[in-house]
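> Here you go, this is model-v8.pdb (PDB, C-alpha atoms, pLDDT in the B column).
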ATOM      1  CA  MET T  30      54.744 -15.375  25.820  1.00 51.00           C
ATOM      2  CA  ASP T  31      53.725 -13.521  28.937  1.00 63.00           C
ATOM      3  CA  ARG T  32      51.115 -10.837  28.861  1.00 64.00           C
ATOM      4  CA  PRO T  33      52.350  -7.323  29.568  1.00 69.00           C
ATOM      5  CA  SER T  34      51.229  -5.777  32.826  1.00 79.00           C
ATOM      6  CA  LEU T  35      48.821  -2.863  32.724  1.00 80.00           C
ATOM      7  CA  ASP T  36      51.670  -0.456  33.509  1.00 79.00           C
ATOM      8  CA  MET T  37      53.627  -1.559  30.411  1.00 84.00           C
ATOM      9  CA  ILE T  38      50.731  -1.098  27.947  1.00 84.00           C
ATOM     10  CA  THR T  39      51.169   1.789  25.490  1.00 86.00           C
ATOM     11  CA  THR T  40      48.675   1.214  22.636  1.00 90.00           C
ATOM     12  CA  SER T  41      44.911   0.821  22.381  1.00 88.00           C
ATOM     13  CA  ASP T  42      45.400  -2.632  20.846  1.00 90.00           C
ATOM     14  CA  GLU T  43      47.415  -3.785  23.855  1.00 91.00           C
ATOM     15  CA  LEU T  44      44.907  -2.239  26.261  1.00 90.00           C
ATOM     16  CA  VAL T  45      41.931  -4.002  24.670  1.00 92.00           C
ATOM     17  CA  GLU T  46      43.852  -7.282  24.464  1.00 92.00           C
ATOM     18  CA  TYR T  47      44.720  -7.028  28.154  1.00 91.00           C
ATOM     19  CA  ALA T  48      41.150  -6.094  29.121  1.00 91.00           C
ATOM     20  CA  LEU T  49      39.725  -8.959  27.048  1.00 92.00           C
ATOM     21  CA  SER T  50      41.914 -11.523  28.754  1.00 91.00           C
ATOM     22  CA  GLU T  51      41.217 -10.174  32.250  1.00 91.00           C
ATOM     23  CA  TYR T  52      37.601  -9.017  32.127  1.00 93.00           C
ATOM     24  CA  GLU T  53      35.693 -10.447  29.145  1.00 95.00           C
ATOM     25  CA  ALA T  54      34.145 -13.448  30.923  1.00 94.00           C
ATOM     26  CA  PRO T  55      33.224 -11.581  34.132  1.00 95.00           C
ATOM     27  CA  LEU T  56      31.753  -8.688  32.102  1.00 96.00           C
ATOM     28  CA  ILE T  57      29.605 -11.082  30.069  1.00 95.00           C
ATOM     29  CA  GLY T  58      28.270 -12.534  33.309  1.00 94.00           C
ATOM     30  CA  TYR T  59      27.675  -9.031  34.671  1.00 94.00           C
ATOM     31  CA  ALA T  60      25.874  -7.867  31.511  1.00 93.00           C
ATOM     32  CA  ASN T  61      23.781 -11.023  31.534  1.00 93.00           C
ATOM     33  CA  THR T  62      22.372 -10.056  34.939  1.00 92.00           C
ATOM     34  CA  PHE T  63      20.789  -7.064  33.203  1.00 91.00           C
ATOM     35  CA  VAL T  64      19.739  -8.364  29.791  1.00 91.00           C
ATOM     36  CA  HIS T  65      19.069 -12.025  30.700  1.00 91.00           C
ATOM     37  CA  ASP T  66      20.316 -13.271  27.339  1.00 91.00           C
ATOM     38  CA  ILE T  67      23.886 -14.474  26.836  1.00 94.00           C
ATOM     39  CA  ASP T  68      24.065 -13.332  23.192  1.00 93.00           C
ATOM     40  CA  ARG T  69      22.876  -9.855  24.052  1.00 92.00           C
ATOM     41  CA  ALA T  70      25.276  -9.813  27.000  1.00 94.00           C
ATOM     42  CA  ARG T  71      28.146 -10.607  24.592  1.00 95.00           C
ATOM     43  CA  ASP T  72      26.990  -7.745  22.356  1.00 94.00           C
ATOM     44  CA  VAL T  73      27.015  -5.375  25.336  1.00 95.00           C
ATOM     45  CA  VAL T  74      30.544  -6.435  26.255  1.00 95.00           C
ATOM     46  CA  GLN T  75      31.693  -6.098  22.654  1.00 96.00           C
ATOM     47  CA  ASP T  76      30.344  -2.534  22.600  1.00 94.00           C
ATOM     48  CA  THR T  77      32.181  -1.892  25.847  1.00 94.00           C
ATOM     49  CA  PHE T  78      35.496  -3.018  24.373  1.00 94.00           C
ATOM     50  CA  ILE T  79      34.901  -0.975  21.215  1.00 93.00           C
ATOM     51  CA  ARG T  80      34.441   2.086  23.410  1.00 94.00           C
ATOM     52  CA  LEU T  81      37.568   1.143  25.363  1.00 93.00           C
ATOM     53  CA  TYR T  82      39.593   1.081  22.129  1.00 92.00           C
ATOM     54  CA  LYS T  83      38.646   4.729  21.541  1.00 93.00           C
ATOM     55  CA  GLN T  84      39.849   5.873  24.977  1.00 91.00           C
ATOM     56  CA  ASP T  85      43.194   7.387  25.913  1.00 88.00           C
ATOM     57  CA  VAL T  86      45.409   4.514  27.082  1.00 88.00           C
ATOM     58  CA  GLU T  87      47.139   6.481  29.855  1.00 88.00           C
ATOM     59  CA  LYS T  88      43.836   7.656  31.338  1.00 88.00           C
ATOM     60  CA  MET T  89      42.477   4.095  31.393  1.00 88.00           C
ATOM     61  CA  LYS T  90      45.346   2.560  33.336  1.00 84.00           C
ATOM     62  CA  GLY T  91      44.238   4.030  36.665  1.00 84.00           C
ATOM     63  CA  GLY T  92      40.631   2.865  36.692  1.00 89.00           C
ATOM     64  CA  LEU T  93      40.252   0.291  33.941  1.00 92.00           C
ATOM     65  CA  LYS T  94      38.135  -2.199  35.870  1.00 92.00           C
ATOM     66  CA  SER T  95      35.629   0.325  37.230  1.00 92.00           C
ATOM     67  CA  TRP T  96      35.429   2.047  33.822  1.00 95.00           C
ATOM     68  CA  LEU T  97      34.677  -1.277  32.083  1.00 95.00           C
ATOM     69  CA  TYR T  98      31.957  -2.237  34.564  1.00 95.00           C
ATOM     70  CA  THR T  99      30.384   1.227  34.451  1.00 95.00           C
ATOM     71  CA  VAL T 100      30.306   1.351  30.649  1.00 95.00           C
ATOM     72  CA  CYS T 101      29.049  -2.236  30.489  1.00 95.00           C
ATOM     73  CA  ARG T 102      26.201  -1.482  32.918  1.00 94.00           C
ATOM     74  CA  ASN T 103      25.243   1.744  31.131  1.00 94.00           C
ATOM     75  CA  ARG T 104      25.263   0.020  27.739  1.00 94.00           C
ATOM     76  CA  ALA T 105      23.062  -2.816  29.059  1.00 92.00           C
ATOM     77  CA  LEU T 106      20.625  -0.298  30.552  1.00 91.00           C
ATOM     78  CA  ASP T 107      20.567   1.646  27.265  1.00 90.00           C
ATOM     79  CA  ILE T 108      19.571  -1.527  25.447  1.00 87.00           C
ATOM     80  CA  LEU T 109      16.837  -2.277  27.982  1.00 88.00           C
ATOM     81  CA  ARG T 110      15.458   1.271  27.705  1.00 87.00           C
ATOM     82  CA  LYS T 111      15.422   1.043  23.922  1.00 85.00           C
ATOM     83  CA  GLU T 112      13.667  -2.324  23.994  1.00 78.00           C
ATOM     84  CA  LYS T 113      11.098  -0.997  26.452  1.00 77.00           C
ATOM     85  CA  ARG T 114      10.102   1.620  23.876  1.00 67.00           C
ATOM     86  CA  LEU T 115       9.866  -0.988  21.154  1.00 58.00           C
ATOM     87  CA  VAL T 116       7.083  -3.527  21.268  1.00 58.00           C
ATOM     88  CA  ILE T 117       8.012  -6.679  19.440  1.00 55.00           C
ATOM     89  CA  VAL T 118       5.025  -8.005  17.533  1.00 58.00           C
ATOM     90  CA  GLU T 119       4.991 -11.099  15.403  1.00 59.00           C
ATOM     91  CA  ASP T 120       3.884 -10.706  11.769  1.00 59.00           C
ATOM     92  CA  SER T 121       1.036 -13.142  12.397  1.00 57.00           C
ATOM     93  CA  VAL T 122      -0.434 -10.749  14.977  1.00 55.00           C
ATOM     94  CA  PHE T 123      -0.505  -7.974  12.392  1.00 54.00           C
ATOM     95  CA  ALA T 124      -2.180 -10.272   9.887  1.00 57.00           C
ATOM     96  CA  ASN T 125      -4.904 -11.206  12.378  1.00 58.00           C
ATOM     97  CA  GLU T 126      -5.374  -7.705  13.792  1.00 55.00           C
ATOM     98  CA  ALA T 127      -8.398  -5.921  12.400  1.00 55.00           C
ATOM     99  CA  SER T 128      -7.733  -2.382  11.301  1.00 55.00           C
ATOM    100  CA  SER T 129      -9.230   0.294  13.500  1.00 58.00           C
ATOM    101  CA  ALA T 130      -9.808   2.454  10.427  1.00 64.00           C
ATOM    102  CA  THR T 131     -13.183   2.186   8.790  1.00 69.00           C
ATOM    103  CA  SER T 132     -13.082   0.818   5.272  1.00 77.00           C
ATOM    104  CA  PRO T 133     -14.136   3.251   2.527  1.00 84.00           C
ATOM    105  CA  ASP T 134     -17.264   1.266   1.629  1.00 83.00           C
ATOM    106  CA  ARG T 135     -18.414   1.136   5.272  1.00 83.00           C
ATOM    107  CA  GLU T 136     -17.697   4.836   5.706  1.00 83.00           C
ATOM    108  CA  ALA T 137     -19.723   5.638   2.582  1.00 85.00           C
ATOM    109  CA  ALA T 138     -22.613   3.484   3.812  1.00 84.00           C
ATOM    110  CA  ARG T 139     -22.465   5.179   7.235  1.00 84.00           C
ATOM    111  CA  ARG T 140     -22.577   8.632   5.661  1.00 85.00           C
ATOM    112  CA  GLU T 141     -25.479   7.568   3.470  1.00 86.00           C
ATOM    113  CA  ARG T 142     -27.422   6.322   6.535  1.00 83.00           C
ATOM    114  CA  ILE T 143     -26.734   9.593   8.373  1.00 81.00           C
ATOM    115  CA  GLN T 144     -27.889  11.611   5.389  1.00 85.00           C
ATOM    116  CA  HIS T 145     -31.048   9.496   5.130  1.00 84.00           C
ATOM    117  CA  LEU T 146     -31.641   9.914   8.871  1.00 83.00           C
ATOM    118  CA  MET T 147     -31.306  13.708   8.656  1.00 83.00           C
ATOM    119  CA  ILE T 148     -33.789  13.840   5.768  1.00 87.00           C
ATOM    120  CA  THR T 149     -36.204  11.564   7.644  1.00 87.00           C
ATOM    121  CA  MET T 150     -35.911  13.698  10.794  1.00 86.00           C
ATOM    122  CA  GLU T 151     -37.457  16.555   8.817  1.00 89.00           C
ATOM    123  CA  ARG T 152     -40.700  14.551   8.980  1.00 91.00           C
ATOM    124  CA  LEU T 153     -40.767  14.813  12.788  1.00 90.00           C
ATOM    125  CA  SER T 154     -42.310  17.726  14.665  1.00 91.00           C
ATOM    126  CA  GLU T 155     -39.964  20.597  15.373  1.00 90.00           C
ATOM    127  CA  ASN T 156     -39.982  19.847  19.131  1.00 91.00           C
ATOM    128  CA  GLN T 157     -39.201  16.145  18.543  1.00 91.00           C
ATOM    129  CA  ARG T 158     -36.387  16.977  16.127  1.00 89.00           C
ATOM    130  CA  ASP T 159     -34.875  19.626  18.447  1.00 89.00           C
ATOM    131  CA  CYS T 160     -34.984  17.358  21.520  1.00 90.00           C
ATOM    132  CA  ILE T 161     -33.461  14.402  19.661  1.00 90.00           C
ATOM    133  CA  GLN T 162     -30.678  16.541  18.205  1.00 88.00           C
ATOM    134  CA  LEU T 163     -29.900  18.171  21.559  1.00 90.00           C
ATOM    135  CA  LYS T 164     -29.869  14.787  23.292  1.00 89.00           C
ATOM    136  CA  PHE T 165     -27.911  12.713  20.755  1.00 86.00           C
ATOM    137  CA  GLN T 166     -25.864  15.212  18.762  1.00 85.00           C
ATOM    138  CA  GLN T 167     -24.925  17.533  21.598  1.00 86.00           C
ATOM    139  CA  GLY T 168     -25.167  15.018  24.459  1.00 87.00           C
ATOM    140  CA  LEU T 169     -27.268  17.265  26.695  1.00 88.00           C
ATOM    141  CA  THR T 170     -29.216  16.011  29.712  1.00 89.00           C
ATOM    142  CA  TYR T 171     -32.985  16.433  30.004  1.00 89.00           C
ATOM    143  CA  GLN T 172     -32.411  19.362  32.407  1.00 90.00           C
ATOM    144  CA  GLU T 173     -30.047  21.065  29.933  1.00 90.00           C
ATOM    145  CA  ILE T 174     -32.528  20.501  27.091  1.00 91.00           C
ATOM    146  CA  SER T 175     -35.268  21.922  29.309  1.00 90.00           C
ATOM    147  CA  ALA T 176     -33.196  25.053  29.963  1.00 90.00           C
ATOM    148  CA  LYS T 177     -32.571  25.504  26.217  1.00 89.00           C
ATOM    149  CA  THR T 178     -36.097  24.819  24.978  1.00 91.00           C
ATOM    150  CA  GLY T 179     -38.265  25.885  27.901  1.00 91.00           C
ATOM    151  CA  LEU T 180     -39.998  22.474  27.824  1.00 91.00           C
ATOM    152  CA  GLN T 181     -40.581  20.349  30.940  1.00 90.00           C
ATOM    153  CA  SER T 182     -38.246  17.318  31.504  1.00 83.00           C
ATOM    154  CA  GLY T 183     -41.170  14.873  31.345  1.00 85.00           C
ATOM    155  CA  ASN T 184     -42.303  16.399  28.059  1.00 91.00           C
ATOM    156  CA  ILE T 185     -38.750  16.120  26.684  1.00 89.00           C
ATOM    157  CA  GLY T 186     -38.653  12.394  27.516  1.00 88.00           C
ATOM    158  CA  PHE T 187     -41.982  11.868  25.757  1.00 90.00           C
ATOM    159  CA  LEU T 188     -40.887  13.866  22.675  1.00 92.00           C
ATOM    160  CA  ILE T 189     -37.637  11.900  22.391  1.00 90.00           C
ATOM    161  CA  HIS T 190     -39.392   8.551  22.886  1.00 91.00           C
ATOM    162  CA  SER T 191     -42.143   9.256  20.379  1.00 91.00           C
ATOM    163  CA  GLY T 192     -39.686  10.803  17.892  1.00 89.00           C
ATOM    164  CA  LEU T 193     -37.402   7.759  18.008  1.00 90.00           C
ATOM    165  CA  LYS T 194     -40.379   5.457  17.629  1.00 90.00           C
ATOM    166  CA  LYS T 195     -41.495   7.334  14.522  1.00 89.00           C
ATOM    167  CA  LEU T 196     -37.949   7.264  13.101  1.00 87.00           C
ATOM    168  CA  ARG T 197     -37.827   3.464  13.553  1.00 87.00           C
ATOM    169  CA  GLU T 198     -41.024   3.177  11.565  1.00 87.00           C
ATOM    170  CA  LEU T 199     -39.808   5.491   8.793  1.00 86.00           C
ATOM    171  CA  LEU T 200     -36.234   4.216   8.431  1.00 81.00           C
ATOM    172  CA  PRO T 201     -35.301   0.849   6.957  1.00 72.00           C
ATOM    173  CA  SER T 202     -33.607  -1.552   9.368  1.00 63.00           C
ATOM    174  CA  GLN T 203     -29.820  -1.941   9.313  1.00 50.00           C
ATOM    175  CA  GLU T 204     -30.115  -5.438   7.824  1.00 45.00           C
ATOM    176  CA  ASN T 205     -31.858  -4.089   4.724  1.00 45.00           C
ATOM    177  CA  LEU T 206     -29.091  -1.604   3.977  1.00 43.00           C
TER     178      LEU T 206
END
Show me the file's structure as structure tokens.

Amino acid sequence: MDRPSLDMITTSDELVEYALSEYEAPLIGYANTFVHDIDRARDVVQDTFIRLYKQDVEKMKGGLKSWLYTVCRNRALDILRKEKRLVIVEDSVFANEASSATSPDREAARRERIQHLMITMERLSENQRDCIQLKFQQGLTYQEISAKTGLQSGNIGFLIHSGLKKLRELLPSQENL
């Protein structure tokens, strides 16, 4: 039985059947130039024909080929955009990836060390404690600390150095915690 010509087609079923016989293979090749995977290319073409089925038959007769290629290209590009947003990661990578979140026991130990440090800092002179806090808690430079405290930069360096040295003597080492 001969296929009807495009002019004789009246139903969506006939239109899709005609388009499949004329354009399926070339569209798969066209889609494959975008997605570089024959199975995905077939999926793109299938989506294209599904969309064709939903179109008005009379409107499609005039520009069927260009409509098919346009929809096929747009669908392939949609898939590529979606995949670009998704990062495919194997389960084994997740299993080997260390969590960036601190475990509760490490966080508790860290807080305990900070609390112990703050108590131990009370044993330093007021100038040593102020300079260390301004330097390490607030991230100020020696010049900024000098402006805040009225102390000379050289004196600030000495106070920080001697204060840290005293803290090392007073605090247990990390290995003992």
> Of the residues T:Arg110, T:Lys94, T:Arg104, T:Arg135, which is the one nearest to Ala60 (chain T), using all atoms listed in the file?
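Answer, going by the shortest atom-to-atom distance: T:Arg104.
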> Here's a test: counting all atoms listed in the file, identify every protein, DNA and RNA residue with an atom at most 10 Å from (-39.8, 7.0, 10.3) in the file's coordinate frame, and state them as a ChimeraX atom specification.
/T:146,149-153,192-201
> How many Å separate CA of Leu81 (chain T) from CA of Tyr59 (chain T)?
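Taking CA of Leu81 (chain T) as the start and CA of Tyr59 (chain T) as the end point, the length is 17.0 Å.
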> Can you work out the spacing between CA of Cys101 (chain T) and CA of Asp36 (chain T) in Å, to one decimal?
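One can read the CA of Cys101 (chain T) to CA of Asp36 (chain T) distance as 22.9 Å.
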> Starting from the displayed file, determine the output of the PyMOL selection byres ((chain T and resi 96-98) around 9) and express the residue list as a PDB file with C-alpha atoms, keeping the file's coordinate frame.

ATOM      1  CA  ALA T  48      41.150  -6.094  29.121  1.00 91.00           C
ATOM      2  CA  TYR T  52      37.601  -9.017  32.127  1.00 93.00           C
ATOM      3  CA  LEU T  56      31.753  -8.688  32.102  1.00 96.00           C
ATOM      4  CA  TYR T  59      27.675  -9.031  34.671  1.00 94.00           C
ATOM      5  CA  ALA T  60      25.874  -7.867  31.511  1.00 93.00           C
ATOM      6  CA  VAL T  74      30.544  -6.435  26.255  1.00 95.00           C
ATOM      7  CA  THR T  77      32.181  -1.892  25.847  1.00 94.00           C
ATOM      8  CA  PHE T  78      35.496  -3.018  24.373  1.00 94.00           C
ATOM      9  CA  LEU T  81      37.568   1.143  25.363  1.00 93.00           C
ATOM     10  CA  MET T  89      42.477   4.095  31.393  1.00 88.00           C
ATOM     11  CA  GLY T  92      40.631   2.865  36.692  1.00 89.00           C
ATOM     12  CA  LEU T  93      40.252   0.291  33.941  1.00 92.00           C
ATOM     13  CA  LYS T  94      38.135  -2.199  35.870  1.00 92.00           C
ATOM     14  CA  SER T  95      35.629   0.325  37.230  1.00 92.00           C
ATOM     15  CA  THR T  99      30.384   1.227  34.451  1.00 95.00           C
ATOM     16  CA  VAL T 100      30.306   1.351  30.649  1.00 95.00           C
ATOM     17  CA  CYS T 101      29.049  -2.236  30.489  1.00 95.00           C
ATOM     18  CA  ARG T 102      26.201  -1.482  32.918  1.00 94.00           C
ATOM     19  CA  ASN T 103      25.243   1.744  31.131  1.00 94.00           C
TER      20      ASN T 103
END
> Which of these, T:His145, T:His190, T:Arg71, T:Lys177, has the shortest distance to Ala105 (chain T) once you count only C-alpha atoms?
T:Arg71
> In Å, how far is it from CA of Leu35 (chain T) to CA of Lys88 (chain T)?
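Pair CA of Leu35 (chain T) / CA of Lys88 (chain T) returns 11.7 Å.
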> Ranking T:Met147, T:Val45, T:Val73, T:Ala176 by minimum distance to Gly58 (chain T) and counting only C-alpha atoms, which one comes first?
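Result for the nearest residue to Gly58 (chain T): T:Val73.
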> Could you give me, as a ChimeraX atom specification, the residues within 12 Å of Ser175 (chain T), counting all atoms listed in the file and dropping anything in the same chain fewer than 3 positions from it?
/T:156,159-160,163-164,169-172,178-186,188
> Using only C-alpha atoms, determine which residues lie at most 10 Å from Ile38 (chain T), disregarding the query and same-chain residues fewer than 4 positions distant; provide the list as a ChimeraX atom specification.
/T:32-34,42-47,86-87,90
> Once 6 Å is added on each side, what are the centre and the three edge lengths, in Å to one decimal, of the axis-aligned box enclosing the listed atoms of region 95-102 of chain T? Present them as lines of an AutoDock Vina configuration file.

center_x = 30.9
center_y = -0.1
center_z = 33.9
size_x = 21.4
size_y = 16.3
size_z = 18.7
